>>> print(open('input14.pdb').read())   # PDB, C-alpha atoms
ATOM      1  CA  MET A 447      77.007  33.215  56.428  1.00  0.00           C
ATOM      2  CA  ALA A 448      78.213  31.699  53.192  1.00  0.00           C
ATOM      3  CA  ARG A 449      78.378  34.644  50.809  1.00  0.00           C
ATOM      4  CA  ASP A 450      79.244  32.512  47.779  1.00  0.00           C
ATOM      5  CA  LEU A 451      76.355  30.048  48.271  1.00  0.00           C
ATOM      6  CA  ALA A 452      72.853  30.031  46.762  1.00  0.00           C
ATOM      7  CA  LEU A 453      69.875  27.755  47.165  1.00  0.00           C
ATOM      8  CA  VAL A 454      68.260  27.354  43.735  1.00  0.00           C
ATOM      9  CA  VAL A 455      64.662  26.123  43.969  1.00  0.00           C
ATOM     10  CA  ILE A 456      63.482  24.797  40.604  1.00  0.00           C
ATOM     11  CA  ASP A 457      59.877  24.716  39.339  1.00  0.00           C
ATOM     12  CA  THR A 458      58.054  24.331  42.651  1.00  0.00           C
ATOM     13  CA  GLN A 459      54.902  25.647  41.052  1.00  0.00           C
ATOM     14  CA  LEU A 460      51.300  24.950  41.941  1.00  0.00           C
ATOM     15  CA  GLY A 461      50.784  23.109  38.644  1.00  0.00           C
ATOM     16  CA  MET A 462      53.379  20.560  39.721  1.00  0.00           C
ATOM     17  CA  PHE A 463      51.446  19.751  42.881  1.00  0.00           C
ATOM     18  CA  GLU A 464      47.763  20.516  42.248  1.00  0.00           C
ATOM     19  CA  THR A 465      46.637  19.896  38.660  1.00  0.00           C
ATOM     20  CA  PRO A 466      43.196  18.337  38.151  1.00  0.00           C
ATOM     21  CA  GLY A 467      43.480  15.052  36.281  1.00  0.00           C
ATOM     22  CA  VAL A 468      47.206  14.684  37.049  1.00  0.00           C
ATOM     23  CA  PRO A 469      48.209  12.238  39.783  1.00  0.00           C
ATOM     24  CA  PRO A 470      49.780  13.920  42.808  1.00  0.00           C
ATOM     25  CA  VAL A 471      53.557  13.947  43.082  1.00  0.00           C
ATOM     26  CA  PRO A 472      54.530  10.852  45.094  1.00  0.00           C
ATOM     27  CA  ASP A 473      55.576  11.977  48.583  1.00  0.00           C
ATOM     28  CA  GLY A 474      54.666  15.528  47.575  1.00  0.00           C
ATOM     29  CA  GLU A 475      53.976  16.562  51.164  1.00  0.00           C
ATOM     30  CA  ARG A 476      57.419  15.348  52.294  1.00  0.00           C
ATOM     31  CA  LEU A 477      59.024  17.032  49.284  1.00  0.00           C
ATOM     32  CA  LEU A 478      57.387  20.388  50.044  1.00  0.00           C
ATOM     33  CA  ARG A 479      58.306  20.065  53.733  1.00  0.00           C
ATOM     34  CA  ASN A 480      61.973  19.376  52.862  1.00  0.00           C
ATOM     35  CA  ILE A 481      62.101  22.340  50.475  1.00  0.00           C
ATOM     36  CA  GLU A 482      60.366  24.562  53.049  1.00  0.00           C
ATOM     37  CA  ASN A 483      63.003  23.576  55.612  1.00  0.00           C
ATOM     38  CA  LEU A 484      65.851  24.298  53.181  1.00  0.00           C
ATOM     39  CA  ILE A 485      64.391  27.720  52.419  1.00  0.00           C
ATOM     40  CA  ARG A 486      63.871  28.489  56.115  1.00  0.00           C
ATOM     41  CA  ARG A 487      67.439  27.508  56.993  1.00  0.00           C
ATOM     42  CA  ALA A 488      68.863  29.432  54.027  1.00  0.00           C
ATOM     43  CA  ARG A 489      66.933  32.551  55.093  1.00  0.00           C
ATOM     44  CA  GLU A 490      68.098  32.166  58.697  1.00  0.00           C
ATOM     45  CA  ALA A 491      71.700  31.924  57.454  1.00  0.00           C
ATOM     46  CA  GLY A 492      71.265  34.934  55.175  1.00  0.00           C
ATOM     47  CA  ALA A 493      72.062  32.811  52.115  1.00  0.00           C
ATOM     48  CA  THR A 494      70.917  33.782  48.640  1.00  0.00           C
ATOM     49  CA  ILE A 495      67.767  32.013  47.439  1.00  0.00           C
ATOM     50  CA  ILE A 496      66.848  32.044  43.768  1.00  0.00           C
ATOM     51  CA  HIS A 497      63.562  30.616  42.523  1.00  0.00           C
ATOM     52  CA  VAL A 498      63.289  29.233  38.994  1.00  0.00           C
ATOM     53  CA  GLN A 499      59.844  29.256  37.392  1.00  0.00           C
ATOM     54  CA  HIS A 500      59.018  27.291  34.262  1.00  0.00           C
ATOM     55  CA  ALA A 501      56.705  28.955  31.734  1.00  0.00           C
ATOM     56  CA  ASP A 502      54.940  26.854  29.127  1.00  0.00           C
ATOM     57  CA  GLY A 503      52.314  27.329  26.462  1.00  0.00           C
ATOM     58  CA  PRO A 504      48.511  27.215  26.345  1.00  0.00           C
ATOM     59  CA  GLY A 505      46.910  24.207  28.015  1.00  0.00           C
ATOM     60  CA  HIS A 506      50.044  23.151  29.904  1.00  0.00           C
ATOM     61  CA  PRO A 507      49.779  22.923  33.724  1.00  0.00           C
ATOM     62  CA  LEU A 508      52.561  25.564  33.897  1.00  0.00           C
ATOM     63  CA  GLU A 509      51.043  27.920  31.332  1.00  0.00           C
ATOM     64  CA  ARG A 510      52.415  31.405  31.919  1.00  0.00           C
ATOM     65  CA  GLY A 511      50.008  33.591  33.882  1.00  0.00           C
ATOM     66  CA  THR A 512      47.736  30.786  35.130  1.00  0.00           C
ATOM     67  CA  ASP A 513      47.254  29.615  38.722  1.00  0.00           C
ATOM     68  CA  GLY A 514      49.360  26.513  37.967  1.00  0.00           C
ATOM     69  CA  TRP A 515      52.260  28.730  36.869  1.00  0.00           C
ATOM     70  CA  ARG A 516      52.461  30.461  40.275  1.00  0.00           C
ATOM     71  CA  ILE A 517      55.090  29.257  42.721  1.00  0.00           C
ATOM     72  CA  HIS A 518      53.500  27.151  45.468  1.00  0.00           C
ATOM     73  CA  SER A 519      52.624  29.330  48.469  1.00  0.00           C
ATOM     74  CA  ARG A 520      54.516  27.045  50.870  1.00  0.00           C
ATOM     75  CA  VAL A 521      57.815  27.701  49.067  1.00  0.00           C
ATOM     76  CA  ALA A 522      57.081  31.125  47.584  1.00  0.00           C
ATOM     77  CA  PRO A 523      59.825  33.736  47.198  1.00  0.00           C
ATOM     78  CA  GLY A 524      60.433  36.098  50.063  1.00  0.00           C
ATOM     79  CA  VAL A 525      61.071  39.803  49.698  1.00  0.00           C
ATOM     80  CA  GLY A 526      64.124  40.394  47.523  1.00  0.00           C
ATOM     81  CA  GLU A 527      64.468  36.760  46.400  1.00  0.00           C
ATOM     82  CA  PRO A 528      64.802  36.761  42.620  1.00  0.00           C
ATOM     83  CA  VAL A 529      62.628  34.658  40.342  1.00  0.00           C
ATOM     84  CA  VAL A 530      64.217  33.480  37.098  1.00  0.00           C
ATOM     85  CA  GLU A 531      61.763  32.470  34.405  1.00  0.00           C
ATOM     86  CA  LYS A 532      62.689  29.691  31.973  1.00  0.00           C
ATOM     87  CA  GLU A 533      61.135  27.888  29.019  1.00  0.00           C
ATOM     88  CA  THR A 534      63.397  24.808  28.767  1.00  0.00           C
ATOM     89  CA  PRO A 535      64.595  22.172  31.253  1.00  0.00           C
ATOM     90  CA  ASP A 536      67.918  24.066  31.566  1.00  0.00           C
ATOM     91  CA  SER A 537      67.603  26.816  34.185  1.00  0.00           C
ATOM     92  CA  PHE A 538      70.567  28.615  32.563  1.00  0.00           C
ATOM     93  CA  LEU A 539      69.528  28.490  28.887  1.00  0.00           C
ATOM     94  CA  GLY A 540      68.050  31.796  27.756  1.00  0.00           C
ATOM     95  CA  THR A 541      67.583  33.007  31.357  1.00  0.00           C
ATOM     96  CA  THR A 542      69.158  35.457  33.772  1.00  0.00           C
ATOM     97  CA  LEU A 543      70.252  32.780  36.250  1.00  0.00           C
ATOM     98  CA  ARG A 544      73.965  33.027  35.504  1.00  0.00           C
ATOM     99  CA  GLU A 545      73.846  36.836  35.751  1.00  0.00           C
ATOM    100  CA  GLU A 546      71.990  36.597  39.084  1.00  0.00           C
ATOM    101  CA  LEU A 547      74.655  34.247  40.429  1.00  0.00           C
ATOM    102  CA  THR A 548      77.609  36.205  39.036  1.00  0.00           C
ATOM    103  CA  SER A 549      76.335  39.535  40.355  1.00  0.00           C
ATOM    104  CA  ARG A 550      76.233  38.032  43.857  1.00  0.00           C
ATOM    105  CA  GLY A 551      79.601  36.249  43.650  1.00  0.00           C
ATOM    106  CA  ILE A 552      77.949  32.834  43.922  1.00  0.00           C
ATOM    107  CA  ARG A 553      80.184  29.822  43.219  1.00  0.00           C
ATOM    108  CA  ARG A 554      78.364  27.125  45.224  1.00  0.00           C
ATOM    109  CA  LEU A 555      74.811  25.954  44.501  1.00  0.00           C
ATOM    110  CA  ILE A 556      72.331  23.836  46.395  1.00  0.00           C
ATOM    111  CA  LEU A 557      69.643  22.495  44.045  1.00  0.00           C
ATOM    112  CA  ALA A 558      66.125  21.386  44.965  1.00  0.00           C
ATOM    113  CA  GLY A 559      62.747  21.232  43.245  1.00  0.00           C
ATOM    114  CA  MET A 560      60.946  19.604  40.348  1.00  0.00           C
ATOM    115  CA  GLN A 561      61.233  17.533  38.081  1.00  0.00           C
ATOM    116  CA  THR A 562      64.086  15.148  38.850  1.00  0.00           C
ATOM    117  CA  GLU A 563      64.793  13.684  35.413  1.00  0.00           C
ATOM    118  CA  TYR A 564      64.206  16.882  33.470  1.00  0.00           C
ATOM    119  CA  CYS A 565      64.821  20.309  34.975  1.00  0.00           C
ATOM    120  CA  VAL A 566      66.729  19.238  38.088  1.00  0.00           C
ATOM    121  CA  ASP A 567      69.008  16.878  36.157  1.00  0.00           C
ATOM    122  CA  THR A 568      69.623  19.334  33.300  1.00  0.00           C
ATOM    123  CA  THR A 569      70.291  22.260  35.626  1.00  0.00           C
ATOM    124  CA  CYS A 570      72.644  20.169  37.762  1.00  0.00           C
ATOM    125  CA  ARG A 571      74.693  19.055  34.771  1.00  0.00           C
ATOM    126  CA  ARG A 572      74.791  22.569  33.309  1.00  0.00           C
ATOM    127  CA  ALA A 573      75.834  24.115  36.639  1.00  0.00           C
ATOM    128  CA  PHE A 574      78.661  21.581  36.877  1.00  0.00           C
ATOM    129  CA  SER A 575      79.729  22.355  33.294  1.00  0.00           C
ATOM    130  CA  LEU A 576      79.794  26.069  34.107  1.00  0.00           C
ATOM    131  CA  GLY A 577      82.172  25.421  37.003  1.00  0.00           C
ATOM    132  CA  TYR A 578      79.838  25.719  39.978  1.00  0.00           C
ATOM    133  CA  ASP A 579      80.326  23.559  43.067  1.00  0.00           C
ATOM    134  CA  VAL A 580      76.953  21.797  43.154  1.00  0.00           C
ATOM    135  CA  THR A 581      75.090  20.089  45.981  1.00  0.00           C
ATOM    136  CA  LEU A 582      71.903  18.214  45.127  1.00  0.00           C
ATOM    137  CA  ALA A 583      69.457  17.909  48.032  1.00  0.00           C
ATOM    138  CA  ALA A 584      68.848  14.150  47.773  1.00  0.00           C
ATOM    139  CA  ASP A 585      65.391  14.237  49.347  1.00  0.00           C
ATOM    140  CA  ALA A 586      64.235  17.640  48.090  1.00  0.00           C
ATOM    141  CA  HIS A 587      63.604  16.939  44.401  1.00  0.00           C
ATOM    142  CA  GLY A 588      60.722  14.986  42.986  1.00  0.00           C
ATOM    143  CA  THR A 589      58.938  13.473  40.022  1.00  0.00           C
ATOM    144  CA  TRP A 590      56.159  11.074  39.071  1.00  0.00           C
ATOM    145  CA  ASP A 591      56.135   7.368  38.324  1.00  0.00           C
ATOM    146  CA  SER A 592      56.969   6.553  34.700  1.00  0.00           C
ATOM    147  CA  ASP A 593      55.891   3.544  32.673  1.00  0.00           C
ATOM    148  CA  LEU A 594      59.170   1.824  33.613  1.00  0.00           C
ATOM    149  CA  LEU A 595      60.181   3.169  37.027  1.00  0.00           C
ATOM    150  CA  SER A 596      58.580   4.422  40.204  1.00  0.00           C
ATOM    151  CA  ALA A 597      59.267   8.014  41.230  1.00  0.00           C
ATOM    152  CA  ALA A 598      61.439   6.691  44.070  1.00  0.00           C
ATOM    153  CA  GLN A 599      63.523   4.689  41.569  1.00  0.00           C
ATOM    154  CA  VAL A 600      63.937   7.716  39.272  1.00  0.00           C
ATOM    155  CA  ILE A 601      65.041   9.873  42.216  1.00  0.00           C
ATOM    156  CA  SER A 602      67.429   7.214  43.517  1.00  0.00           C
ATOM    157  CA  HIS A 603      68.931   6.696  40.059  1.00  0.00           C
ATOM    158  CA  HIS A 604      69.481  10.420  39.533  1.00  0.00           C
ATOM    159  CA  ASN A 605      70.974  10.834  43.004  1.00  0.00           C
ATOM    160  CA  GLU A 606      73.458   8.099  42.128  1.00  0.00           C
ATOM    161  CA  VAL A 607      74.270   9.500  38.666  1.00  0.00           C
ATOM    162  CA  MET A 608      74.589  13.122  39.848  1.00  0.00           C
ATOM    163  CA  GLY A 609      76.695  11.948  42.792  1.00  0.00           C
ATOM    164  CA  ASN A 610      79.160  10.352  40.380  1.00  0.00           C
ATOM    165  CA  GLY A 611      80.942  13.597  39.590  1.00  0.00           C
ATOM    166  CA  PHE A 612      78.292  16.227  38.902  1.00  0.00           C
ATOM    167  CA  ALA A 613      77.293  17.084  42.476  1.00  0.00           C
ATOM    168  CA  ASP A 614      77.605  16.211  46.105  1.00  0.00           C
ATOM    169  CA  VAL A 615      74.332  14.467  46.941  1.00  0.00           C
ATOM    170  CA  VAL A 616      73.313  15.213  50.517  1.00  0.00           C
ATOM    171  CA  LEU A 617      70.105  14.787  52.514  1.00  0.00           C
ATOM    172  CA  SER A 618      68.451  18.176  52.926  1.00  0.00           C
ATOM    173  CA  GLY A 619      68.683  18.103  56.735  1.00  0.00           C
ATOM    174  CA  GLU A 620      72.451  17.624  56.522  1.00  0.00           C
ATOM    175  CA  ILE A 621      73.144  20.519  54.147  1.00  0.00           C
ATOM    176  CA  SER A 622      75.137  23.330  55.696  1.00  0.00           C
ATOM    177  CA  PHE A 623      74.650  26.977  54.827  1.00  0.00           C
ATOM    178  CA  ARG A 624      77.969  27.942  56.435  1.00  0.00           C
ATOM    179  CA  GLU A 625      81.324  28.711  54.896  1.00  0.00           C
ATOM    180  CA  PRO A 626      83.223  25.532  53.969  1.00  0.00           C
ATOM    181  CA  VAL A 627      86.050  24.532  56.318  1.00  0.00           C
ATOM    182  CA  GLY A 628      89.220  26.422  55.408  1.00  0.00           C
ATOM    183  CA  ALA A 629      87.373  29.166  53.516  1.00  0.00           C
TER     184      ALA A 629
END
>>> encode(input="input14.pdb", output="structure tokens")
Amino acid sequence: MARDLALVVIDTQLGMFETPGVPPVPDGERLLRNIENLIRRAREAGATIIHVQHADGPGHPLERGTDGWRIHSRVAPGVGEPVVEKETPDSFLGTTLREELTSRGIRRLILAGMQTEYCVDTTCRRAFSLGYDVTLAADAHGTWDSDLLSAAQVISHHNEVMGNGFADVVLSGEISFREPVGA
């Protein structure tokens, strides 16, 4: 078991996947399946899993306390898995995430979740800046099409950018939850 490793699952809330009037997340089923598999493997390895939950204001799909705010049942926290609530794209800003990681001796992070160009990107960059060894699960973060780019293009672009110094970008099925060689 990798004692210094945590899987951080960002904003995988019902409102991201099932909001009336909002188009479904492209490849949302595959995304949920990949995150489910990461969580399952992390649990089997005894790795730390921390869930990040975005809270927004009235009328937003992730309005605190609403059904959309709840973490999707397919990737919901298990017993003892902490949930860190946030109000900005940065999972560290104004939250307990750093304290959760520090208290467990975590130095290596695997990131997955929603939304690629906002919360995943910002959290990845911040984790790097704080000195964490970051792995981004290349096929376990998602977003929607924009006016300029398809969701697949946004994801591909961010995988390339994050892989240029901010994180190791690895397909979710190839991520190891073991101690690194030589540890």
>>> resolve_selection(input="input14.pdb", expression="the PyMOL selection byres ((chain A and resi 502-509) around 8)", output="ChimeraX atom specification")
/A:459,461-462,465,500-501,510-512,514-515,533
>>> atom_distance(input="input14.pdb", atom1="CA of His497 in chain A", atom2="CA of Val529 in chain A")
4.7 Å
>>> atom_distance(input="input14.pdb", atom1="CA of Ser602 in chain A", atom2="CA of Ala584 in chain A")
8.3 Å
>>> residues_around(input="input14.pdb", residues="Leu478 in chain A", least_positions_apart="5", cutoff="12 Å", atoms="only C-alpha atoms", output="VMD selection string")
chain A and resid 455 457 to 460 462 to 463 471 to 473 483 to 485 517 to 522 558 to 560 585 to 588 618
>>> closest_residue(input="input14.pdb", among="A:Ala573, A:Ile556, A:Val566, A:Val468", to="Asp614 in chain A", atoms="all atoms listed in the file")
A:Ile556
>>> resolve_selection(input="input14.pdb", expression="the PyMOL selection byres ((chain A and resi 548-555) around 7)", output="ChimeraX atom specification")
/A:450-454,544-547,556-557,578-581
>>> closest_residue(input="input14.pdb", among="A:Ile456, A:Leu594, A:Glu464, A:Leu617", to="Pro535 in chain A", atoms="only C-alpha atoms")
A:Ile456
>>> decode(input="input14.pdb", residues="range 547-560 of chain A", atoms="N, CA and C atoms", output="short mmCIF file (atom, residue, chain, number, x, y, z; two decimals), in the first residue's frame")
data_model
loop_
_atom_site.label_atom_id
_atom_site.label_comp_id
_atom_site.auth_asym_id
_atom_site.auth_seq_id
_atom_site.Cartn_x
_atom_site.Cartn_y
_atom_site.Cartn_z
N LEU A 547 -4.61 16.17 3.74
CA LEU A 547 -3.45 15.52 3.14
C LEU A 547 -2.28 15.48 4.12
N THR A 548 -2.00 16.60 4.75
CA THR A 548 -0.87 16.69 5.69
C THR A 548 -1.05 15.73 6.86
N SER A 549 -2.25 15.67 7.40
CA SER A 549 -2.49 14.81 8.56
C SER A 549 -2.29 13.33 8.24
N ARG A 550 -2.36 12.98 6.96
CA ARG A 550 -2.18 11.59 6.54
C ARG A 550 -0.79 11.34 5.93
N GLY A 551 0.04 12.37 5.88
CA GLY A 551 1.38 12.21 5.30
C GLY A 551 1.37 12.04 3.79
N ILE A 552 0.36 12.58 3.14
CA ILE A 552 0.21 12.43 1.69
C ILE A 552 1.14 13.40 0.96
N ARG A 553 1.91 12.88 0.02
CA ARG A 553 2.78 13.70 -0.83
C ARG A 553 2.49 13.48 -2.32
N ARG A 554 1.77 12.40 -2.64
CA ARG A 554 1.47 12.08 -4.04
C ARG A 554 -0.04 12.07 -4.23
N LEU A 555 -0.51 12.74 -5.30
CA LEU A 555 -1.94 12.84 -5.57
C LEU A 555 -2.27 12.28 -6.94
N ILE A 556 -3.38 11.60 -7.02
CA ILE A 556 -3.99 11.22 -8.29
C ILE A 556 -5.28 12.02 -8.38
N LEU A 557 -5.44 12.78 -9.45
CA LEU A 557 -6.62 13.65 -9.62
C LEU A 557 -7.56 13.10 -10.68
N ALA A 558 -8.86 13.17 -10.40
CA ALA A 558 -9.89 12.78 -11.34
C ALA A 558 -11.12 13.61 -11.04
N GLY A 559 -12.05 13.70 -11.99
CA GLY A 559 -13.32 14.37 -11.70
C GLY A 559 -13.75 15.38 -12.74
N MET A 560 -14.46 16.39 -12.26
CA MET A 560 -15.06 17.41 -13.10
C MET A 560 -14.57 18.79 -12.66
#
